[in-house]
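Visitor: Handing you this structure, nothing more for now.
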2 protein chains.
Amino acid sequence: MDRSASRMPTRSDSDWGEWPLAKLFRPRAIAVVGATSKPGKVGRIVFDLLRRTERPVYPVHPTQKTLLGHDVIPRVEDLPEGVDVAVITVNAGQAVQAAADCGHKGIPFIIVVAGGFSEVGAEGRILEDKLRAVVATTGSRILGPNSLGIFVPRERIDTIFVEHGDRALAGGGGVAFITQSGSVGTEGLGVASNIGFGLRAFVGLGNKVDLNELDFLRYFGDDDRTNCIMLYMENFSDGRAFLEIAGQVSRKKPVVVLKAGRTAAGAAAASSHTGRLAGSDRVVSGAFRQFCIQRVFDEEQLCDAARVLAGAPLPRGPRVAVISSGGGYGVMAADYIESRRQRTRLQMAHLSPDTEAKLRAIVPGFASVANPVDLTASATDEMTGDTLRIVTADDGVDAVICVALFAPPGISDALVAHTAAVAADVDKPIVVVGQFGPFTDGLLRRFYDNGVIGYPCVARAVRAVRTLVERAEFVHTMEGTP
Amino acid sequence: MDRSASRMPTRSDSDWGEWPLAKLFRPRAIAVVGATSKPGKVGRIVFDLLRRTERPVYPVHPTQKTLLGHDVIPRVEDLPEGVDVAVITVNAGQAVQAAADCGHKGIPFIIVVAGGFSEVGAEGRILEDKLRAVVATTGSRILGPNSLGIFVPRERIDTIFVEHGDRALAGGGGVAFITQSGSVGTEGLGVASNIGFGLRAFVGLGNKVDLNELDFLRYFGDDDRTNCIMLYMENFSDGRAFLEIAGQVSRKKPVVVLKAGRTAAGAAAASSHTGRLAGSDRVVSGAFRQFCIQRVFDEEQLCDAARVLAGAPLPRGPRVAVISSGGGYGVMAADYIESRRQRTRLQMAHLSPDTEAKLRAIVPGFASVANPVDLTASATDEMTGDTLRIVTADDGVDAVICVALFAPPGISDALVAHTAAVAADVDKPIVVVGQFGPFTDGLLRRFYDNGVIGYPCVARAVRAVRTLVERAEFVHTMEGTP
């Protein structure tokens, strides 16, 4: 059964495809230029991280002889054949020559980690022009500079030299994350990974002297293992092309974009941060909708949207049922669902008389069987599971929010399994609100590991359902247009 | 220095004051009617919890002889003198007689925990009438029924028989929380306590046959140890009186209200949940503002608002400076600050040339010293602390948001101490955004324990500053009116 909001992989021997970027994400071998044994140095951290992958990883350094048991190669030209990616970890001043060496060696992809380029002014812009010249003269492609590089859990390729949620994300998943800000990429994702997040690949765009969001959007659009693409952008290399390509990709899988710099102050800040001018926000907003691109406004919304789009089936309509063991949560959820301030409208589902009768037979007399269903603190794991099954079977229900409180004495960890069993059987989204003091994140993570998307508060759960309904509306619109 | 958004306690021998409710929150002795040795029973859990307090706690049960080493008292009439609170843990059918017994014994406060009253229909309403008769004939006051009772960390009094964040909240604090929903009370607070929350007292209103929000609002309004009052309400016992009393209390300390049931669907759900009709939402919203009551819309917003109002000084104006080590966060914060969709307007502060010159002297050449200040990944603990000190000293800055990312190599746990040192010295609010994967909550908790309020995402931090500015505007308005 299709458990994903987007079309799932159809090629069983799924690969990175024949797209030119394939070698970046699945290289035969990798070189780390500037690898060093000095603890804390970027060249050391990156080399250390890359040793986890099963392919050869070569350290390159002019004077160092061995590094963590590997023979160090003194010059780029001495590298063996088969190196598809070179990660350049030296500083800006040295990086240009190193990139040129890699280009002349014929290494197809070069990642330049160092900052100190156009974002710091005129001198840096000159250095970037030199990097562009490397691309023009050698045909090698450059990611960066000022980029954290890539993180591909499935391939155990990780060049992110700062702390990030790598252990929590190691299991991999379907979301490709393209980000123009390294920190928003790693930190936002790190927090999201606490409650479960399935990452296909992370790409830090950096200053985009060559490879940009369009290249990666196209690539992940065609990648069968990617079922959702999320982007954090401060400016677009080519706004018109972005809309057209994202619009095309959106026909295949959801595209969620956080376009920062939407106010004058934010745009000025973005300009300072990346050395470019940001586009007009009003234009961006209208165009996104026209091209079926889903828009979000902060790092939490971005990650929240991607995890539900990648992990839950799409609803057929906007009618939401709410189940809780705490009446107040049902009231708050109903308020958010019926709120008219949102562009994408949701509505509280009307449960059929048949559904209400079935519920009446299994819940306590003082429970409420109208939507929002309130099982009261007498709720049990089994009662909640049965209620979920009955409610999702109602033809008038398109999506269900299940408030999983663990305080009622009849509720135990088994609630996760009961919920997951229903979610596995039905083709409607079930989104959990989970709250249990210090155990909240751990419980949401267990829901996630069992295929159920959950959030630690009502507002985020309702927003997630709204994200799904918006996607469903976009899909419906696109099906009606060529 | 006044570290609080509201006026801090002035009486050094602060007590619960002379208000009639004093004995409820600081009783000489407590009785638990229905205390039993059966594990999992409410009577057992409540008795167990109350043993933590230093005052006498008497178990009352008709047949049981001893309980956890205490002699059990067979009948209410056999209780010794000095019992100021009786917690009735038996079911609805037996609770009425037990309450009558307590009334006749002259116990001033009776908490009825059981559900099964007006919220379940006509029969329950008859039982509630009988409880009202107890109040009328004996003069005892009743909290409940269908109430979780009270939790007063400072007095180690806790009757909440379901799991809640009691350990995290045990340190106590200045926020009084009055809630009409037990689950929203305990679960929302439990999650909030993960990142630090200072609780003066929790009160579960239940069905309000006697004591209601007005009683507690008046009480905490006069209580010197309470510096912020938060309420979760589904309906008001007397809307007009609520506004007037809350408006009066708001002159002394912030009052934050989550009025659930604001849409037709939510109101219908609230009616089912509590057996009462909810008020018109439009009326509520306008009136709140008129009476300087701060409104929020979900459990996360409620707790977020209370913790910043209780823990940060008020800003003198709406001008916010942002400091980060990740430029993207500065951009997002600027966008939220300048957003024109909010009723309470914030603006990005313009740093003075003097401030920018001072910053330039301590930050890397490629850092941005205009607001939002971007220290880049070269930030260190000391640099961040110095930047914070310089920025807060700028007369054009009313509040500072400091994005505390822990990925940069120069940032360590010492950042908490650096930030706290500045916060202790200045009379402007400093709100932290902290993100560090699985360590996020723990770090925010450490900030909190050191007197600094923090949130795990940009949106919530900006919202917290907006809450402070709204309060400051209310205070300004009230100072101009008698």
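Each chain in the structure tokens gets a letter, A, B and so on, in the order shown; residues start at 1 in every chain, and ligands are counted from 1 in the order they appear.
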Taking only range 107-238 of chain B into account, list the residues labelled strand (DSSP E or B) by DSSP (computed from the backbone), as a PyMOL selection string.

Guide: chain B and resi 109-112+141-143+149-152+157-158+175-179+199-204+228-233

Visitor: If we count only C-alpha atoms, what is near Val33 in chain B at a cut-off of 9 Å, once residues fewer than 6 positions away on the same chain are taken out, given as a list in words?

Guide: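 Here the qualifying residues turn out to be Gly43, Tyr58, Pro59, Val60, His61, Arg75, Val76, Ala86, Val87, Ile88, Thr89, Val90 and Ala98 of chain B.
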
Visitor: Write out the residues from the selection above, keeping all heavy atoms, as a compact mmCIF listing (two decimals), in the first residue's frame.

Guide:
# COMPACT_ATOMS: atom_id res chain seq x y z
N GLY B 43 -7.24 7.24 45.48
CA GLY B 43 -7.06 7.49 46.91
C GLY B 43 -5.66 7.13 47.40
O GLY B 43 -5.12 7.75 48.32
N TYR B 58 -3.98 12.93 56.97
CA TYR B 58 -4.73 11.83 57.58
C TYR B 58 -5.50 11.03 56.53
O TYR B 58 -6.31 11.58 55.80
CB TYR B 58 -5.74 12.38 58.59
CG TYR B 58 -5.11 13.23 59.67
CD1 TYR B 58 -5.35 14.59 59.73
CD2 TYR B 58 -4.28 12.66 60.65
CE1 TYR B 58 -4.79 15.38 60.72
CE2 TYR B 58 -3.72 13.44 61.64
CZ TYR B 58 -3.98 14.80 61.68
OH TYR B 58 -3.41 15.58 62.66
N PRO B 59 -5.26 9.74 56.47
CA PRO B 59 -6.09 8.90 55.60
C PRO B 59 -7.42 8.57 56.29
O PRO B 59 -7.45 8.27 57.48
CB PRO B 59 -5.25 7.62 55.43
CG PRO B 59 -4.38 7.57 56.64
CD PRO B 59 -4.22 8.98 57.17
N VAL B 60 -8.51 8.66 55.50
CA VAL B 60 -9.85 8.32 56.03
C VAL B 60 -10.43 7.19 55.20
O VAL B 60 -10.53 7.31 53.96
CB VAL B 60 -10.80 9.55 55.97
CG1 VAL B 60 -12.18 9.19 56.50
CG2 VAL B 60 -10.21 10.73 56.73
N HIS B 61 -10.77 6.07 55.86
CA HIS B 61 -11.34 4.92 55.15
C HIS B 61 -12.13 4.09 56.16
O HIS B 61 -11.66 3.87 57.28
CB HIS B 61 -10.23 4.08 54.52
CG HIS B 61 -10.74 3.06 53.53
ND1 HIS B 61 -11.24 1.84 53.93
CD2 HIS B 61 -10.81 3.09 52.18
CE1 HIS B 61 -11.61 1.16 52.85
NE2 HIS B 61 -11.37 1.91 51.77
N ARG B 75 -13.84 7.46 60.12
CA ARG B 75 -14.90 8.37 59.67
C ARG B 75 -14.41 9.82 59.72
O ARG B 75 -13.57 10.17 60.56
CB ARG B 75 -16.13 8.24 60.58
CG ARG B 75 -16.76 6.86 60.54
CD ARG B 75 -17.89 6.77 61.55
NE ARG B 75 -17.41 7.14 62.89
CZ ARG B 75 -18.19 7.16 63.98
NH1 ARG B 75 -19.48 6.85 63.89
NH2 ARG B 75 -17.69 7.50 65.14
N VAL B 76 -14.96 10.65 58.85
CA VAL B 76 -14.58 12.06 58.82
C VAL B 76 -14.77 12.69 60.19
O VAL B 76 -13.94 13.48 60.65
CB VAL B 76 -15.41 12.80 57.74
CG1 VAL B 76 -15.26 14.32 57.89
CG2 VAL B 76 -15.01 12.35 56.34
N ALA B 86 -9.82 18.83 52.87
CA ALA B 86 -10.13 17.41 52.69
C ALA B 86 -10.16 17.13 51.19
O ALA B 86 -10.85 17.83 50.44
CB ALA B 86 -11.48 17.07 53.31
N VAL B 87 -9.39 16.13 50.77
CA VAL B 87 -9.43 15.71 49.38
C VAL B 87 -10.29 14.47 49.30
O VAL B 87 -9.97 13.45 49.91
CB VAL B 87 -8.01 15.41 48.85
CG1 VAL B 87 -8.06 15.14 47.35
CG2 VAL B 87 -7.04 16.54 49.16
N ILE B 88 -11.39 14.57 48.57
CA ILE B 88 -12.33 13.45 48.48
C ILE B 88 -12.04 12.67 47.21
O ILE B 88 -12.19 13.19 46.11
CB ILE B 88 -13.77 13.96 48.53
CG1 ILE B 88 -14.00 14.60 49.91
CG2 ILE B 88 -14.76 12.84 48.26
CD1 ILE B 88 -15.37 15.17 50.11
N THR B 89 -11.57 11.45 47.38
CA THR B 89 -11.11 10.67 46.22
C THR B 89 -12.06 9.54 45.87
O THR B 89 -11.76 8.73 44.99
CB THR B 89 -9.71 10.07 46.51
OG1 THR B 89 -9.84 9.14 47.60
CG2 THR B 89 -8.71 11.14 46.87
N VAL B 90 -13.21 9.46 46.54
CA VAL B 90 -14.18 8.40 46.21
C VAL B 90 -15.00 8.81 44.99
O VAL B 90 -14.92 9.95 44.53
CB VAL B 90 -15.11 8.12 47.42
CG1 VAL B 90 -14.31 7.57 48.58
CG2 VAL B 90 -15.86 9.39 47.84
N ALA B 98 -19.64 12.24 51.47
CA ALA B 98 -18.34 12.54 52.07
C ALA B 98 -18.15 14.04 52.22
O ALA B 98 -17.65 14.53 53.25
CB ALA B 98 -17.22 11.93 51.22

Visitor: Would you pick out the contacts of range 443-446 of chain A at 9 Å or less, using only C-alpha atoms, so that residues sharing its chain but fewer than 5 positions from it are not included, and give the list as a PDB file with all heavy atoms, in the first residue's frame?

Guide:
ATOM      1  N   SER A 193      15.113  16.002  14.226  1.00  0.00           N
ATOM      2  CA  SER A 193      15.448  14.579  14.314  1.00  0.00           C
ATOM      3  C   SER A 193      15.126  14.005  15.694  1.00  0.00           C
ATOM      4  O   SER A 193      15.008  12.790  15.849  1.00  0.00           O
ATOM      5  CB  SER A 193      16.925  14.357  13.973  1.00  0.00           C
ATOM      6  OG  SER A 193      17.757  14.875  14.989  1.00  0.00           O
ATOM      7  N   ASN A 194      14.952  14.871  16.683  1.00  0.00           N
ATOM      8  CA  ASN A 194      14.596  14.384  18.028  1.00  0.00           C
ATOM      9  C   ASN A 194      13.274  13.621  18.014  1.00  0.00           C
ATOM     10  O   ASN A 194      13.072  12.720  18.827  1.00  0.00           O
ATOM     11  CB  ASN A 194      14.460  15.546  19.020  1.00  0.00           C
ATOM     12  CG  ASN A 194      15.783  16.225  19.295  1.00  0.00           C
ATOM     13  OD1 ASN A 194      16.839  15.710  18.949  1.00  0.00           O
ATOM     14  ND2 ASN A 194      15.725  17.386  19.902  1.00  0.00           N
ATOM     15  N   ILE A 195      12.355  14.033  17.149  1.00  0.00           N
ATOM     16  CA  ILE A 195      11.057  13.359  17.114  1.00  0.00           C
ATOM     17  C   ILE A 195      10.916  12.508  15.854  1.00  0.00           C
ATOM     18  O   ILE A 195       9.832  12.047  15.538  1.00  0.00           O
ATOM     19  CB  ILE A 195       9.879  14.359  17.245  1.00  0.00           C
ATOM     20  CG1 ILE A 195       9.933  15.441  16.161  1.00  0.00           C
ATOM     21  CG2 ILE A 195       9.911  15.029  18.622  1.00  0.00           C
ATOM     22  CD1 ILE A 195       8.676  16.300  16.122  1.00  0.00           C
ATOM     23  N   GLY A 196      12.037  12.298  15.157  1.00  0.00           N
ATOM     24  CA  GLY A 196      12.023  11.425  13.996  1.00  0.00           C
ATOM     25  C   GLY A 196      11.986  12.203  12.696  1.00  0.00           C
ATOM     26  O   GLY A 196      11.091  13.023  12.486  1.00  0.00           O
ATOM     27  N   PHE A 197      12.953  11.959  11.850  1.00  0.00           N
ATOM     28  CA  PHE A 197      13.012  12.643  10.561  1.00  0.00           C
ATOM     29  C   PHE A 197      13.761  11.739   9.600  1.00  0.00           C
ATOM     30  O   PHE A 197      14.835  11.250   9.925  1.00  0.00           O
ATOM     31  CB  PHE A 197      13.728  13.993  10.691  1.00  0.00           C
ATOM     32  CG  PHE A 197      13.563  14.885   9.498  1.00  0.00           C
ATOM     33  CD1 PHE A 197      12.568  15.841   9.472  1.00  0.00           C
ATOM     34  CD2 PHE A 197      14.368  14.733   8.380  1.00  0.00           C
ATOM     35  CE1 PHE A 197      12.385  16.651   8.359  1.00  0.00           C
ATOM     36  CE2 PHE A 197      14.198  15.528   7.269  1.00  0.00           C
ATOM     37  CZ  PHE A 197      13.208  16.498   7.264  1.00  0.00           C
ATOM     38  N   ASP A 413       2.555   2.258  26.910  1.00  0.00           N
ATOM     39  CA  ASP A 413       3.360   2.311  25.686  1.00  0.00           C
ATOM     40  C   ASP A 413       2.700   1.552  24.537  1.00  0.00           C
ATOM     41  O   ASP A 413       2.990   1.812  23.367  1.00  0.00           O
ATOM     42  CB  ASP A 413       4.742   1.699  25.939  1.00  0.00           C
ATOM     43  CG  ASP A 413       5.649   2.677  26.673  1.00  0.00           C
ATOM     44  OD1 ASP A 413       5.157   3.751  27.063  1.00  0.00           O
ATOM     45  OD2 ASP A 413       6.836   2.350  26.842  1.00  0.00           O
ATOM     46  N   VAL A 416       1.238   3.036  21.201  1.00  0.00           N
ATOM     47  CA  VAL A 416       1.994   3.242  19.964  1.00  0.00           C
ATOM     48  C   VAL A 416       1.673   2.131  18.969  1.00  0.00           C
ATOM     49  O   VAL A 416       1.367   2.380  17.800  1.00  0.00           O
ATOM     50  CB  VAL A 416       3.515   3.297  20.246  1.00  0.00           C
ATOM     51  CG1 VAL A 416       4.300   3.391  18.945  1.00  0.00           C
ATOM     52  CG2 VAL A 416       3.850   4.462  21.172  1.00  0.00           C
ATOM     53  N   VAL A 432      -0.537  12.367  15.178  1.00  0.00           N
ATOM     54  CA  VAL A 432      -0.619  12.275  16.639  1.00  0.00           C
ATOM     55  C   VAL A 432      -0.174  13.584  17.300  1.00  0.00           C
ATOM     56  O   VAL A 432       0.740  14.246  16.812  1.00  0.00           O
ATOM     57  CB  VAL A 432       0.260  11.102  17.131  1.00  0.00           C
ATOM     58  CG1 VAL A 432       0.641  11.251  18.589  1.00  0.00           C
ATOM     59  CG2 VAL A 432      -0.445   9.777  16.875  1.00  0.00           C
ATOM     60  N   VAL A 433      -0.851  13.971  18.377  1.00  0.00           N
ATOM     61  CA  VAL A 433      -0.313  14.954  19.319  1.00  0.00           C
ATOM     62  C   VAL A 433       0.127  14.159  20.539  1.00  0.00           C
ATOM     63  O   VAL A 433      -0.698  13.484  21.158  1.00  0.00           O
ATOM     64  CB  VAL A 433      -1.377  15.978  19.786  1.00  0.00           C
ATOM     65  CG1 VAL A 433      -0.775  16.962  20.794  1.00  0.00           C
ATOM     66  CG2 VAL A 433      -1.986  16.710  18.611  1.00  0.00           C
ATOM     67  N   GLY A 434       1.392  14.192  20.849  1.00  0.00           N
ATOM     68  CA  GLY A 434       1.893  13.430  21.994  1.00  0.00           C
ATOM     69  C   GLY A 434       2.495  14.358  23.031  1.00  0.00           C
ATOM     70  O   GLY A 434       3.330  15.195  22.696  1.00  0.00           O
ATOM     71  N   GLN A 435       2.055  14.230  24.277  1.00  0.00           N
ATOM     72  CA  GLN A 435       2.637  15.025  25.356  1.00  0.00           C
ATOM     73  C   GLN A 435       2.788  14.135  26.573  1.00  0.00           C
ATOM     74  O   GLN A 435       1.822  13.524  27.011  1.00  0.00           O
ATOM     75  CB  GLN A 435       1.739  16.218  25.709  1.00  0.00           C
ATOM     76  CG  GLN A 435       1.624  17.249  24.615  1.00  0.00           C
ATOM     77  CD  GLN A 435       0.951  18.537  25.077  1.00  0.00           C
ATOM     78  OE1 GLN A 435       0.252  18.551  26.074  1.00  0.00           O
ATOM     79  NE2 GLN A 435       1.176  19.608  24.342  1.00  0.00           N
ATOM     80  N   PHE A 436       3.987  14.105  27.119  1.00  0.00           N
ATOM     81  CA  PHE A 436       4.198  13.320  28.330  1.00  0.00           C
ATOM     82  C   PHE A 436       5.466  13.805  29.021  1.00  0.00           C
ATOM     83  O   PHE A 436       6.438  13.062  29.181  1.00  0.00           O
ATOM     84  CB  PHE A 436       4.292  11.834  27.984  1.00  0.00           C
ATOM     85  CG  PHE A 436       4.137  10.915  29.170  1.00  0.00           C
ATOM     86  CD1 PHE A 436       3.210  11.183  30.165  1.00  0.00           C
ATOM     87  CD2 PHE A 436       4.923   9.781  29.292  1.00  0.00           C
ATOM     88  CE1 PHE A 436       3.066  10.335  31.261  1.00  0.00           C
ATOM     89  CE2 PHE A 436       4.787   8.914  30.377  1.00  0.00           C
ATOM     90  CZ  PHE A 436       3.852   9.199  31.359  1.00  0.00           C
ATOM     91  N   GLY A 451       6.009   4.309  12.049  1.00  0.00           N
ATOM     92  CA  GLY A 451       5.278   4.774  10.875  1.00  0.00           C
ATOM     93  C   GLY A 451       4.177   5.792  11.132  1.00  0.00           C
ATOM     94  O   GLY A 451       3.339   6.036  10.266  1.00  0.00           O
ATOM     95  N   VAL A 452       4.173   6.384  12.329  1.00  0.00           N
ATOM     96  CA  VAL A 452       3.130   7.365  12.653  1.00  0.00           C
ATOM     97  C   VAL A 452       3.782   8.719  12.949  1.00  0.00           C
ATOM     98  O   VAL A 452       4.675   8.818  13.786  1.00  0.00           O
ATOM     99  CB  VAL A 452       2.295   6.921  13.873  1.00  0.00           C
ATOM    100  CG1 VAL A 452       1.222   7.965  14.199  1.00  0.00           C
ATOM    101  CG2 VAL A 452       1.658   5.555  13.614  1.00  0.00           C
ATOM    102  N   ILE A 453       3.299   9.758  12.256  1.00  0.00           N
ATOM    103  CA  ILE A 453       3.861  11.093  12.437  1.00  0.00           C
ATOM    104  C   ILE A 453       3.190  11.776  13.627  1.00  0.00           C
ATOM    105  O   ILE A 453       1.963  11.791  13.721  1.00  0.00           O
ATOM    106  CB  ILE A 453       3.628  11.945  11.175  1.00  0.00           C
ATOM    107  CG1 ILE A 453       4.197  11.248   9.940  1.00  0.00           C
ATOM    108  CG2 ILE A 453       4.226  13.347  11.339  1.00  0.00           C
ATOM    109  CD1 ILE A 453       5.685  11.068   9.956  1.00  0.00           C
ATOM    110  N   GLY A 454       3.979  12.335  14.530  1.00  0.00           N
ATOM    111  CA  GLY A 454       3.422  13.014  15.693  1.00  0.00           C
ATOM    112  C   GLY A 454       4.147  14.309  16.010  1.00  0.00           C
ATOM    113  O   GLY A 454       5.287  14.513  15.584  1.00  0.00           O
ATOM    114  N   TYR A 455       3.466  15.168  16.768  1.00  0.00           N
ATOM    115  CA  TYR A 455       4.010  16.468  17.159  1.00  0.00           C
ATOM    116  C   TYR A 455       3.719  16.710  18.632  1.00  0.00           C
ATOM    117  O   TYR A 455       2.751  16.183  19.173  1.00  0.00           O
ATOM    118  CB  TYR A 455       3.394  17.586  16.309  1.00  0.00           C
ATOM    119  CG  TYR A 455       3.702  17.411  14.839  1.00  0.00           C
ATOM    120  CD1 TYR A 455       2.832  16.699  14.007  1.00  0.00           C
ATOM    121  CD2 TYR A 455       4.878  17.905  14.298  1.00  0.00           C
ATOM    122  CE1 TYR A 455       3.128  16.499  12.664  1.00  0.00           C
ATOM    123  CE2 TYR A 455       5.184  17.709  12.960  1.00  0.00           C
ATOM    124  CZ  TYR A 455       4.303  16.999  12.146  1.00  0.00           C
ATOM    125  OH  TYR A 455       4.615  16.799  10.836  1.00  0.00           O
ATOM    126  N   PRO A 456       4.535  17.559  19.277  1.00  0.00           N
ATOM    127  CA  PRO A 456       4.361  17.753  20.721  1.00  0.00           C
ATOM    128  C   PRO A 456       3.347  18.819  21.109  1.00  0.00           C
ATOM    129  O   PRO A 456       3.277  19.184  22.275  1.00  0.00           O
ATOM    130  CB  PRO A 456       5.767  18.149  21.185  1.00  0.00           C
ATOM    131  CG  PRO A 456       6.367  18.819  20.006  1.00  0.00           C
ATOM    132  CD  PRO A 456       5.767  18.180  18.781  1.00  0.00           C
TER     133      PRO A 456
END

Visitor: To one decimal place, how far is CA of Val72 in chain B from CA of Ala35 in chain B in Å?

Guide: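 Computed distance, CA of Val72 in chain B to CA of Ala35 in chain B, equals 8.4 Å.
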
Visitor: Do me a favour and pick out the residues of chain B within 7 Å of chain A, using only C-alpha atoms, as a ChimeraX atom specification.

Guide: /B:120,162-165,181,183-184,187,190-191,194,260-263,265-266,269-270,273,298,300,326-332,334-335,338-339,366,372,407-408,435-438,457,459

Visitor: With only C-alpha atoms as the atoms that count, which of A:Glu470, A:Asp395, A:Asp386, A:Asp449 lies nearest to Thr419 in chain A?

Guide: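 The shortest atom-to-atom distance to Thr419 in chain A comes from A:Asp386.
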
Visitor: From the set B:Thr66, B:Thr138, B:Ser378, B:Thr387, which residue has the shortest atom-to-atom contact distance to Arg360 in chain B, counting only C-alpha atoms?

Guide: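 Of B:Thr66, B:Thr138, B:Ser378, B:Thr387, the one nearest Arg360 in chain B is B:Thr387, counting only C-alpha atoms.
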
Visitor: Within 12 Å of Tyr219 in chain B, counting only C-alpha atoms, which residues qualify if same-chain residues fewer than 2 places away don't, as a VMD selection string?

Guide: chain B and resid 15 to 25 176 178 201 203 211 to 217 221 to 226 229 245 to 246 249

Visitor: Tell me which protein, DNA and RNA residues are within 7 Å of range 308-310 of chain A, counting only C-alpha atoms, leaving out same-chain ones fewer than 4 positions away, and put them as a PyMOL selection string.

Guide: chain A and resi 4-5+174-175+227-228+304+453+464+468

Visitor: Output the selection as a compact mmCIF listing (two decimals), in the first residue's frame - C-alpha atoms for each residue.

Guide:
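What ended up in selection_2.txt:
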# COMPACT_ATOMS: atom_id res chain seq x y z
CA SER A 4 3.56 8.16 1.22
CA ALA A 5 2.08 11.51 0.35
CA GLY A 174 12.85 10.17 1.83
CA VAL A 175 13.40 13.91 2.37
CA ASN A 227 9.64 11.55 -1.81
CA CYS A 228 9.73 15.14 -0.60
CA ASP A 304 7.32 19.71 10.29
CA ILE A 453 3.86 11.09 12.44
CA ALA A 464 0.63 19.26 9.57
CA LEU A 468 -1.32 17.54 3.68

Visitor: Got a sec: who's within 10 Å of Phe288 in chain B, counting only C-alpha atoms, leaving out chain neighbours fewer than 2 positions off, as a list in words?

Guide: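 In the requested form, the answer reads Phe242, Leu243, Ala246, Gly247, Val256, Val257, Val283, Val284, Ser285, Gly286, Gln290, Phe291, Cys292, Ile293, Gln294 and Arg295 of chain B.
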
Visitor: Give me, as a list in words, all polymer residues having an atom no more than 7 Å from Gly173 in chain B, counting only C-alpha atoms and skipping those fewer than 5 positions away in the same chain.

Guide: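 What passes the distance filter is Gly198, Leu199 and Arg200 of chain B.
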
Visitor: Would you put the residues from that selection into a file with N, CA, C and O atoms, as a PDB file, in the first residue's frame?

Guide:
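Output below, filename selection00.pdb:
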ATOM      1  N   GLY B 198       8.571  27.979  36.121  1.00  0.00           N
ATOM      2  CA  GLY B 198       8.504  28.253  37.560  1.00  0.00           C
ATOM      3  C   GLY B 198       7.061  28.353  38.035  1.00  0.00           C
ATOM      4  O   GLY B 198       6.372  29.314  37.749  1.00  0.00           O
ATOM      5  N   LEU B 199       6.606  27.332  38.760  1.00  0.00           N
ATOM      6  CA  LEU B 199       5.192  27.257  39.136  1.00  0.00           C
ATOM      7  C   LEU B 199       4.962  27.706  40.581  1.00  0.00           C
ATOM      8  O   LEU B 199       5.537  27.153  41.520  1.00  0.00           O
ATOM      9  N   ARG B 200       4.101  28.694  40.764  1.00  0.00           N
ATOM     10  CA  ARG B 200       3.668  29.070  42.106  1.00  0.00           C
ATOM     11  C   ARG B 200       2.592  28.096  42.585  1.00  0.00           C
ATOM     12  O   ARG B 200       2.664  27.559  43.684  1.00  0.00           O
TER      13      ARG B 200
END
